[in-house]
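The data block below is upload.txt; it holds compact mmCIF, C-alpha atoms.
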# COMPACT_ATOMS: atom_id res chain seq x y z
CA MET A 13 161.18 67.20 127.12
CA GLY A 14 162.36 68.73 123.88
CA SER A 15 159.73 68.89 121.16
CA MET A 16 160.31 68.18 117.49
CA LYS A 17 158.44 68.17 114.25
CA GLU A 18 159.09 67.15 110.68
CA VAL A 19 160.50 70.05 108.68
CA LYS A 20 158.37 71.11 105.75
CA ALA A 21 158.97 74.82 105.34
CA GLU A 22 161.82 75.71 102.98
CA ASP A 23 163.67 77.78 105.53
CA GLY A 24 163.14 75.24 108.31
CA ALA A 25 161.88 77.95 110.67
CA ALA A 26 158.95 77.34 112.94
CA ALA A 27 156.76 79.98 114.55
CA PRO A 28 157.05 79.81 118.33
CA PRO A 29 154.02 78.24 119.99
CA SER A 30 151.56 80.51 121.72
CA ASN A 31 152.02 80.02 125.43
CA GLY A 32 148.93 81.92 126.46
CA VAL A 33 148.58 85.60 127.22
CA ALA A 34 148.25 87.03 130.70
CA ALA A 35 146.85 90.47 131.34
CA VAL A 36 149.26 93.18 130.18
CA PRO A 37 150.02 95.43 133.15
CA THR A 38 149.15 99.09 133.07
CA ALA A 39 152.01 101.43 133.79
CA THR A 40 151.63 103.43 137.00
CA GLY A 41 155.14 104.78 137.41
CA GLY A 42 155.44 106.97 134.32
CA PRO A 43 156.22 106.03 130.73
CA ASP A 44 159.96 105.53 131.34
CA ASN A 45 159.68 103.52 134.56
CA PRO A 46 156.43 101.49 134.54
CA THR A 47 155.53 99.70 137.78
CA ARG A 48 152.96 97.23 139.10
CA ARG A 49 152.23 96.05 142.64
CA GLY A 50 153.57 92.53 143.09
CA ARG A 51 152.57 89.79 145.54
CA SER A 52 154.94 91.12 148.21
CA GLY A 53 153.27 94.54 148.01
CA SER A 54 156.30 96.19 146.48
CA ALA A 55 156.17 97.77 143.06
CA ALA A 56 157.19 95.54 140.14
CA VAL A 57 159.56 97.79 138.21
CA LEU A 58 160.05 97.10 134.52
CA PRO A 59 162.24 95.76 133.15
CA LEU A 60 162.32 92.91 135.67
CA GLU A 61 165.66 92.28 137.35
CA VAL A 62 167.61 89.03 137.00
CA GLY A 63 166.68 86.86 140.01
CA THR A 64 163.04 87.95 140.06
CA ARG A 65 160.49 85.19 140.72
CA VAL A 66 157.12 85.33 139.00
CA MET A 67 154.40 83.08 137.57
CA CYS A 68 154.70 82.33 133.85
CA ARG A 69 152.17 80.84 131.41
CA TRP A 70 153.78 77.65 130.05
CA ARG A 71 152.98 75.52 126.99
CA ASP A 72 150.28 73.66 128.97
CA GLN A 73 148.47 77.03 129.28
CA LYS A 74 148.88 76.92 133.06
CA PRO A 75 150.92 79.28 135.27
CA HIS A 76 154.16 77.88 136.71
CA PRO A 77 156.71 79.52 139.06
CA VAL A 78 159.85 80.73 137.30
CA LYS A 79 163.05 82.56 138.13
CA VAL A 80 164.44 85.16 135.71
CA ILE A 81 167.93 84.01 134.68
CA GLU A 82 168.72 86.62 132.02
CA ARG A 83 167.06 89.40 130.02
CA ARG A 84 167.63 91.04 126.65
CA LYS A 85 166.17 93.99 124.75
CA THR A 86 163.99 93.43 121.73
CA SER A 87 164.28 95.50 118.57
CA SER A 88 161.64 98.10 119.51
CA GLY A 89 163.64 99.11 122.61
CA GLY A 90 160.98 100.49 125.01
CA PRO A 91 160.94 99.73 128.77
CA ASN A 92 158.44 96.92 128.19
CA ASP A 93 160.34 95.57 125.20
CA TYR A 94 162.42 92.93 126.92
CA GLU A 95 162.47 89.17 126.64
CA TYR A 96 163.29 87.13 129.74
CA TYR A 97 165.16 83.85 129.97
CA VAL A 98 163.41 81.92 132.72
CA HIS A 99 163.97 78.72 134.68
CA TYR A 100 160.81 76.78 135.63
CA THR A 101 161.60 75.93 139.25
CA GLU A 102 159.51 72.73 139.16
CA PHE A 103 161.31 71.33 136.12
CA ASN A 104 164.71 70.36 134.76
CA ARG A 105 166.88 73.07 133.18
CA ARG A 106 166.22 71.61 129.74
CA LEU A 107 162.88 73.47 129.74
CA ASP A 108 164.42 76.90 130.36
CA GLU A 109 163.41 79.33 127.61
CA TRP A 110 163.01 82.94 126.45
CA VAL A 111 159.51 84.32 127.10
CA LYS A 112 157.78 87.60 126.36
CA LEU A 113 156.50 90.00 128.99
CA GLU A 114 152.86 89.17 128.28
CA GLN A 115 153.47 85.58 129.39
CA LEU A 116 154.39 86.79 132.89
CA ASP A 117 151.81 87.60 135.57
CA LEU A 118 153.26 90.75 137.15
CA ASP A 119 150.77 90.53 140.03
CA THR A 120 152.84 87.59 141.31
CA VAL A 121 156.27 89.24 141.19
CA GLU A 122 158.52 88.41 144.14
CA THR A 123 162.01 89.83 144.41
CA ASP A 124 163.86 88.97 147.64
CA VAL A 125 162.85 85.34 148.24
CA ASP A 126 164.88 82.85 150.25
CA GLU A 127 165.57 80.02 147.81
CA LYS A 128 165.33 77.25 150.44
CA VAL A 129 161.92 78.52 151.57
CA GLU A 130 160.79 78.85 147.95
CA ASP A 131 161.82 75.28 147.12
CA LYS A 132 159.97 73.99 150.19
CA VAL A 133 156.80 75.92 149.29
CA THR A 134 156.93 74.69 145.67
CA SER A 135 157.34 71.11 146.87
CA LEU A 136 154.39 71.40 149.27
CA LYS A 137 152.11 72.83 146.57
CA MET A 138 152.58 69.78 144.33
CA THR A 139 150.79 66.52 145.03
CA ARG A 140 152.90 63.37 145.29
CA HIS A 141 151.61 62.23 141.88
CA GLN A 142 152.53 65.54 140.25
CA LYS A 143 156.00 65.51 141.78
CA ARG A 144 156.61 61.90 140.72
CA LYS A 145 155.50 62.67 137.18
CA ILE A 146 157.81 65.70 137.01
CA ASP A 147 160.70 63.72 138.50
CA GLU A 148 160.29 60.99 135.89
CA THR A 149 160.53 63.35 132.93
CA HIS A 150 162.36 66.46 134.12
CA VAL A 151 164.66 65.27 136.91
CA GLU A 152 167.84 67.30 137.41
CA HIS A 153 170.72 64.88 137.40
CA GLY A 154 174.25 64.10 136.40
CA HIS A 155 176.31 66.40 138.62
CA GLU A 156 177.34 63.93 141.30
CA GLU A 157 181.02 64.42 140.40
CA LEU A 158 180.92 68.20 140.97
CA ASP A 159 181.47 69.90 144.31
CA ALA A 160 179.26 72.87 145.25
CA ALA A 161 181.64 75.52 143.85
CA SER A 162 182.16 73.65 140.57
CA LEU A 163 178.42 73.09 140.21
CA ARG A 164 177.74 76.82 140.65
CA GLU A 165 180.42 77.63 138.08
CA HIS A 166 178.99 75.06 135.65
CA GLU A 167 175.44 76.39 136.00
CA GLU A 168 176.58 80.02 135.66
CA PHE A 169 178.58 79.29 132.52
CA THR A 170 175.82 77.20 130.91
CA LYS A 171 172.76 79.00 132.32
CA VAL A 172 171.43 80.27 128.96
CA LYS A 173 170.96 77.96 125.99
CA ASN A 174 172.97 79.43 123.14
CA ILE A 175 171.28 77.39 120.40
CA ALA A 176 167.49 77.11 120.58
CA LYS A 177 166.84 74.68 117.71
CA ILE A 178 168.65 72.45 115.28
CA GLU A 179 167.63 70.89 112.01
CA LEU A 180 168.90 67.37 111.51
CA GLY A 181 167.64 65.45 108.51
CA ARG A 182 163.86 65.79 108.35
CA TYR A 183 163.49 66.88 111.97
CA GLU A 184 163.56 70.24 113.66
CA ILE A 185 164.47 69.67 117.31
CA ASP A 186 164.27 71.97 120.32
CA THR A 187 167.55 71.79 122.23
CA TRP A 188 167.79 71.20 125.98
CA TYR A 189 171.12 72.61 127.16
CA PHE A 190 174.06 74.90 126.40
CA SER A 191 176.79 73.54 124.13
CA PRO A 192 180.15 75.32 123.66
CA PHE A 193 180.02 75.80 119.90
CA PRO A 194 182.69 78.11 118.41
CA PRO A 195 181.93 81.80 119.16
CA GLU A 196 180.82 82.60 115.60
CA TYR A 197 177.85 80.23 116.04
CA SER A 198 176.76 81.41 119.50
CA ASP A 199 174.35 84.06 118.20
CA SER A 200 172.54 81.62 115.93
CA PRO A 201 169.02 80.75 117.14
CA LYS A 202 169.10 77.68 114.90
CA LEU A 203 171.84 75.50 113.42
CA TYR A 204 171.55 73.24 110.39
CA PHE A 205 173.38 69.91 110.55
CA CYS A 206 174.30 67.60 107.72
CA GLU A 207 172.89 64.36 109.09
CA PHE A 208 175.68 62.28 107.53
CA CYS A 209 178.96 64.14 108.21
CA LEU A 210 177.52 66.32 111.07
CA ASN A 211 178.99 69.58 109.73
CA PHE A 212 176.83 72.46 110.94
CA MET A 213 175.86 75.78 109.36
CA LYS A 214 174.01 78.95 110.29
CA ARG A 215 171.70 79.13 107.26
CA LYS A 216 169.45 76.75 105.34
CA GLU A 217 170.99 77.82 102.02
CA GLN A 218 174.44 76.81 103.26
CA LEU A 219 173.13 73.36 104.18
CA GLN A 220 171.48 72.95 100.77
CA ARG A 221 174.73 73.82 99.00
CA HIS A 222 176.65 71.45 101.29
CA MET A 223 174.24 68.57 100.65
CA ARG A 224 174.78 68.89 96.89
CA LYS A 225 178.52 68.29 97.46
CA CYS A 226 178.58 65.90 100.46
CA ASP A 227 179.00 62.36 99.18
CA LEU A 228 178.40 60.62 102.54
CA LYS A 229 175.17 58.70 103.04
CA HIS A 230 176.12 57.18 106.41
CA PRO A 231 178.49 57.95 109.29
CA PRO A 232 182.19 57.61 108.40
CA GLY A 233 183.66 54.36 109.65
CA ASP A 234 182.86 50.66 109.44
CA GLU A 235 179.37 49.18 109.43
CA ILE A 236 179.61 46.44 112.05
CA TYR A 237 175.92 45.50 112.39
CA ARG A 238 172.89 45.40 110.13
CA SER A 239 169.55 43.85 110.95
CA GLY A 240 166.57 44.86 108.86
CA THR A 241 166.64 48.66 108.66
CA LEU A 242 168.98 49.11 111.66
CA SER A 243 172.71 49.62 111.22
CA MET A 244 175.55 50.34 113.64
CA PHE A 245 178.73 52.10 112.54
CA GLU A 246 182.02 52.16 114.46
CA VAL A 247 183.75 55.53 114.07
CA ASP A 248 187.36 55.93 115.23
CA GLY A 249 187.81 59.37 116.80
CA LYS A 250 191.44 59.48 115.67
CA LYS A 251 190.63 58.75 112.03
CA ASN A 252 187.50 60.96 111.96
CA LYS A 253 188.38 63.76 114.36
CA VAL A 254 186.02 66.45 112.98
CA TYR A 255 183.07 64.03 112.96
CA GLY A 256 183.82 63.01 116.56
CA GLN A 257 184.03 66.61 117.74
CA ASN A 258 180.84 67.59 115.91
CA LEU A 259 179.06 64.60 117.46
CA CYS A 260 180.16 65.84 120.91
CA TYR A 261 178.87 69.36 120.15
CA LEU A 262 175.54 67.86 119.06
CA ALA A 263 175.28 65.53 122.06
CA LYS A 264 176.00 68.34 124.53
CA LEU A 265 172.79 70.09 123.39
CA PHE A 266 170.86 67.21 125.03
CA LEU A 267 173.17 66.13 127.88
CA ASP A 268 173.61 68.57 130.76
CA HIS A 269 176.34 66.63 132.52
CA LYS A 270 178.45 65.60 129.54
CA THR A 271 182.11 66.61 129.58
CA LEU A 272 183.00 67.81 126.10
CA TYR A 273 186.15 66.13 124.89
CA TYR A 274 188.04 68.00 122.20
CA ASP A 275 190.59 65.17 122.15
CA VAL A 276 188.43 62.47 120.61
CA ASP A 277 191.42 60.34 119.51
CA LEU A 278 191.04 58.09 122.55
CA PHE A 279 187.41 57.18 121.84
CA LEU A 280 185.38 54.95 119.57
CA PHE A 281 181.87 56.10 118.65
CA TYR A 282 179.12 53.60 117.90
CA VAL A 283 176.45 55.36 115.85
CA LEU A 284 173.05 53.67 115.47
CA CYS A 285 171.12 54.47 112.29
CA GLU A 286 167.77 53.81 110.64
CA CYS A 287 168.41 53.09 106.96
CA ASP A 288 166.24 53.74 103.92
CA ASP A 289 166.81 54.52 100.23
CA ARG A 290 168.03 58.05 101.13
CA GLY A 291 170.78 56.84 103.45
CA CYS A 292 171.46 55.92 107.08
CA HIS A 293 169.94 58.42 109.54
CA MET A 294 171.42 58.75 113.02
CA VAL A 295 169.14 57.62 115.85
CA GLY A 296 171.64 57.80 118.72
CA TYR A 297 175.09 56.68 119.77
CA PHE A 298 177.35 55.59 122.56
CA SER A 299 181.06 56.13 122.97
CA LYS A 300 183.72 54.12 124.75
CA GLU A 301 187.41 54.51 125.49
CA LYS A 302 189.72 52.45 123.32
CA HIS A 303 191.60 51.33 126.44
CA SER A 304 189.91 51.57 129.84
CA GLU A 305 191.75 50.51 132.97
CA GLU A 306 188.46 50.53 134.91
CA SER A 307 186.73 48.10 132.47
CA TYR A 308 184.32 50.82 131.28
CA ASN A 309 182.45 49.62 128.20
CA LEU A 310 180.49 52.86 127.72
CA ALA A 311 181.44 56.50 128.31
CA CYS A 312 178.46 58.45 126.98
CA ILE A 313 175.06 57.48 125.56
CA LEU A 314 172.36 59.48 123.79
CA THR A 315 169.16 58.76 121.90
CA LEU A 316 168.08 61.83 119.91
CA PRO A 317 164.68 63.25 120.99
CA PRO A 318 162.71 62.22 117.85
CA TYR A 319 163.66 58.59 118.48
CA GLN A 320 163.21 58.37 122.25
CA ARG A 321 160.76 55.96 123.91
CA LYS A 322 161.17 53.47 121.06
CA GLY A 323 163.59 51.07 122.75
CA TYR A 324 166.76 52.44 121.15
CA GLY A 325 168.41 53.40 124.45
CA LYS A 326 168.01 49.84 125.75
CA PHE A 327 169.37 48.56 122.44
CA LEU A 328 172.49 50.72 122.80
CA ILE A 329 173.12 49.43 126.34
CA ALA A 330 172.65 45.82 125.23
CA PHE A 331 174.96 46.40 122.26
CA SER A 332 177.75 47.68 124.54
CA TYR A 333 177.60 44.42 126.49
CA GLU A 334 177.65 42.31 123.32
CA LEU A 335 180.92 44.05 122.41
CA SER A 336 182.26 43.22 125.88
CA LYS A 337 181.37 39.56 125.34
CA LYS A 338 183.26 39.61 122.03
CA GLU A 339 186.27 41.08 123.87
CA GLY A 340 186.04 38.38 126.53
CA LYS A 341 185.76 41.01 129.27
CA VAL A 342 183.25 42.13 131.85
CA GLY A 343 182.07 45.72 131.38
CA THR A 344 180.40 48.52 133.26
CA PRO A 345 179.32 52.06 132.32
CA GLU A 346 181.57 54.98 133.21
CA ARG A 347 180.86 56.46 136.63
CA PRO A 348 179.23 58.46 138.02
CA LEU A 349 175.89 57.49 136.52
CA SER A 350 173.13 60.06 136.39
CA ASP A 351 169.82 59.24 138.10
CA LEU A 352 168.18 58.41 134.79
CA GLY A 353 171.29 56.54 133.63
CA LEU A 354 171.20 54.33 136.71
CA LEU A 355 167.48 53.73 136.13
CA SER A 356 168.15 52.57 132.54
CA TYR A 357 171.01 50.32 133.53
CA ARG A 358 169.22 48.89 136.55
CA GLY A 359 166.33 47.98 134.22
CA TYR A 360 168.71 46.26 131.78
CA TRP A 361 170.58 44.39 134.51
CA THR A 362 167.28 43.29 136.09
CA ARG A 363 165.84 41.92 132.85
CA VAL A 364 169.01 40.06 131.84
CA LEU A 365 169.75 38.54 135.25
CA LEU A 366 166.20 37.52 136.13
CA ASP A 367 165.66 35.98 132.71
CA ILE A 368 168.64 33.70 133.40
CA LEU A 369 167.49 32.92 136.94
CA LYS A 370 164.03 31.94 135.68
CA LYS A 371 165.44 29.46 133.16
CA HIS A 372 168.34 28.11 135.19
CA LYS A 373 167.93 24.91 137.17
CA GLY A 374 170.02 24.48 140.29
CA ASN A 375 172.50 26.78 141.98
CA ILE A 376 174.31 29.58 140.17
CA SER A 377 177.01 31.93 141.43
CA ILE A 378 177.52 35.65 140.82
CA LYS A 379 180.79 34.77 139.02
CA GLU A 380 178.87 32.46 136.67
CA LEU A 381 176.25 35.16 136.01
CA SER A 382 179.04 37.62 135.22
CA ASP A 383 180.71 35.17 132.80
CA MET A 384 177.37 34.63 131.00
CA THR A 385 176.36 38.29 130.74
CA ALA A 386 179.64 40.32 130.79
CA ILE A 387 178.08 42.37 133.61
CA LYS A 388 180.54 43.32 136.33
CA PRO A 389 180.04 41.30 139.57
CA ASP A 390 179.59 44.51 141.61
CA ASP A 391 176.68 45.54 139.35
CA ILE A 392 175.10 42.08 139.65
CA LEU A 393 175.40 42.16 143.43
CA SER A 394 173.94 45.66 143.79
CA THR A 395 171.05 44.84 141.43
CA LEU A 396 170.08 41.65 143.25
CA GLN A 397 170.39 43.38 146.62
CA THR A 398 168.10 46.19 145.44
CA LEU A 399 165.55 43.55 144.44
CA ASP A 400 165.95 41.73 147.80
CA LEU A 401 166.95 38.59 145.92
CA ILE A 402 170.21 37.97 147.75
CA GLN A 403 171.07 37.10 151.32
CA TYR A 404 174.33 36.72 153.19
CA ARG A 405 174.51 33.30 154.88
CA LYS A 406 177.47 31.56 156.50
CA GLY A 407 180.00 33.93 154.96
CA GLN A 408 178.70 33.88 151.41
CA HIS A 409 176.00 35.51 149.24
CA VAL A 410 173.04 33.26 148.42
CA ILE A 411 170.58 34.06 145.61
CA CYS A 412 166.93 33.51 146.57
CA ALA A 413 165.00 33.06 143.32
CA ASP A 414 161.32 32.45 144.01
CA PRO A 415 159.58 32.21 140.57
CA LYS A 416 156.63 34.43 141.59
CA VAL A 417 158.98 37.10 142.93
CA LEU A 418 161.06 36.96 139.73
CA ASP A 419 157.92 37.41 137.60
CA ARG A 420 156.85 40.41 139.67
CA HIS A 421 160.26 42.09 139.30
CA LEU A 422 160.41 41.33 135.57
CA LYS A 423 157.02 42.90 135.05
CA ALA A 424 158.11 46.00 136.97
CA ALA A 425 161.30 46.26 134.88
CA GLY A 426 159.25 46.76 131.71
CA ARG A 427 159.90 45.70 128.15
CA GLY A 428 163.42 44.94 127.03
CA GLY A 429 163.38 47.08 123.90
CA LEU A 430 164.84 46.04 120.57
CA GLU A 431 166.83 42.81 120.55
CA VAL A 432 170.44 42.68 119.38
CA ASP A 433 170.79 39.86 116.84
CA VAL A 434 174.32 38.73 117.66
CA SER A 435 174.56 36.73 114.43
CA LYS A 436 174.47 40.06 112.52
CA LEU A 437 177.38 41.56 114.50
CA ILE A 438 180.65 41.46 112.52
CA TRP A 439 183.31 43.12 114.65
CA THR A 440 186.93 42.83 115.72
CA PRO A 441 187.95 44.35 119.08
CA TYR A 442 190.08 47.46 118.72
CA LYS A 443 193.22 45.95 120.27
CA GLU A 444 193.33 43.37 117.49
CA GLN A 445 192.80 45.77 114.60
CA GLY A 446 195.70 46.61 112.30

Final structure tokens representation of the file:
Amino acid sequence: MGSMKEVKAEDGAAAPPSNGVAAVPTATGGPDNPTRRGRSGSAAVLPLEVGTRVMCRWRDQKPHPVKVIERRKTSSGGPNDYEYYVHYTEFNRRLDEWVKLEQLDLDTVETDVDEKVEDKVTSLKMTRHQKRKIDETHVEHGHEELDAASLREHEEFTKVKNIAKIELGRYEIDTWYFSPFPPEYSDSPKLYFCEFCLNFMKRKEQLQRHMRKCDLKHPPGDEIYRSGTLSMFEVDGKKNKVYGQNLCYLAKLFLDHKTLYYDVDLFLFYVLCECDDRGCHMVGYFSKEKHSEESYNLACILTLPPYQRKGYGKFLIAFSYELSKKEGKVGTPERPLSDLGLLSYRGYWTRVLLDILKKHKGNISIKELSDMTAIKPDDILSTLQTLDLIQYRKGQHVICADPKVLDRHLKAAGRGGLEVDVSKLIWTPYKEQG
């Protein structure tokens, strides 16, 4: 996962963490073409070629298998003076990073490796517990809509993160993925965002000058919800086009599968903030189409890394359904869902549906559950079938709600996160505005 810290230094820069130092190889092939015997017995010629596989010391101080994706010369310019952009083959692409030569164990260099064999060997080396733990936090997901050729093109185009860090408010955040910022920003290792209008700059001094002139203290748009220190703002992409586009640039740094829409006119953005005496600070957001023929009530969702694992993602999902109830419609998230997206939604659907089943006396139909929750009947049916709580008898679906089974499933679904206080929601559906 991306790491973050509170920014205290004036320039916002952070020294890269020490990832451990492996033995520096001795050159045996002459000063201009140093070599080292690799695992396959062949000489490891420096600089390493793109596609080379080798063990790399990671932030946990342990060696992990990587594949070299790209390389670049450092300022000193000798044969050893290259940095390598590597992909950790056990993990999601969000952990790809630039590493120095001394982090690589050149005794383990492999060049011509069959990728299918390599993946099988890597999988066998990990215990089931290790693989499950990695899958939970670093799973590669979100490309179900791409065919093989499109997926290769996507990964080639986005293979190297162009922005390594951002500063947003009081946080410095490591980015996860490539985002197609304008070309003049592509060579910036770090971007500085105004946390209120989301304009971005290449230097800290530019941000400081901007902040002296920016009169926003919250996202542009209407505040439609406030409960305690939490606020939700509705931002119309047509009225606030630059803000919407900048939000998409920012979100793409943390969403591998997101399609970047330059035409934000068709979308509404719901921006969740934590508020204090300095202003309203963005925690996350979701977007939705103003008019969806497929009844989608959510197009994209993101909780920023500093605020993850605090229940905000569940809050955003719940909020999207409260808007659907206000509209008098059933809703469903835009498809296809990523693996982790489906996991989040399945957890929400499970908690909401089973809570009703526990309290309800007598029979209840899927149509009635949908009317009560604004969850699409197909989503209700698939959730209950996954939980083995529904059977097909005499031509119709019958819900089997044993209290002990419901309690077991509810416990497995985990906590529900922050509650949406519907009495604090003041909102008019878009179709009725103006």

* Structure fact -> Taken to one decimal, the atom CA of A:Tyr97-atom CA of A:Val111 distance is 6.4 Å

* For the atom pair atom CA of A:Val66 and atom CA of A:Ser200, what is the interatomic distance in Å to one decimal place? ->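 Result for atom CA of A:Val66 versus atom CA of A:Ser200: 28.0 Å, one decimal.
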
* Asked: What gap, in Å, lies between atom CA of A:Thr395 and atom CA of A:Leu267?
  ->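 The value is 25.3 Å.
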
* Between A:Arg83, A:His293, A:Arg347, A:Lys251, which is the closest to A:Leu280 once you count only C-alpha atoms? ->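 Among the listed residues, the smallest separation from A:Leu280 belongs to A:Lys251.
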
* Nearest candidate to A:Glu184 (options A:Lys250, A:Leu316, A:Val276, A:Val172; using all atoms listed in the file) -> A:Leu316
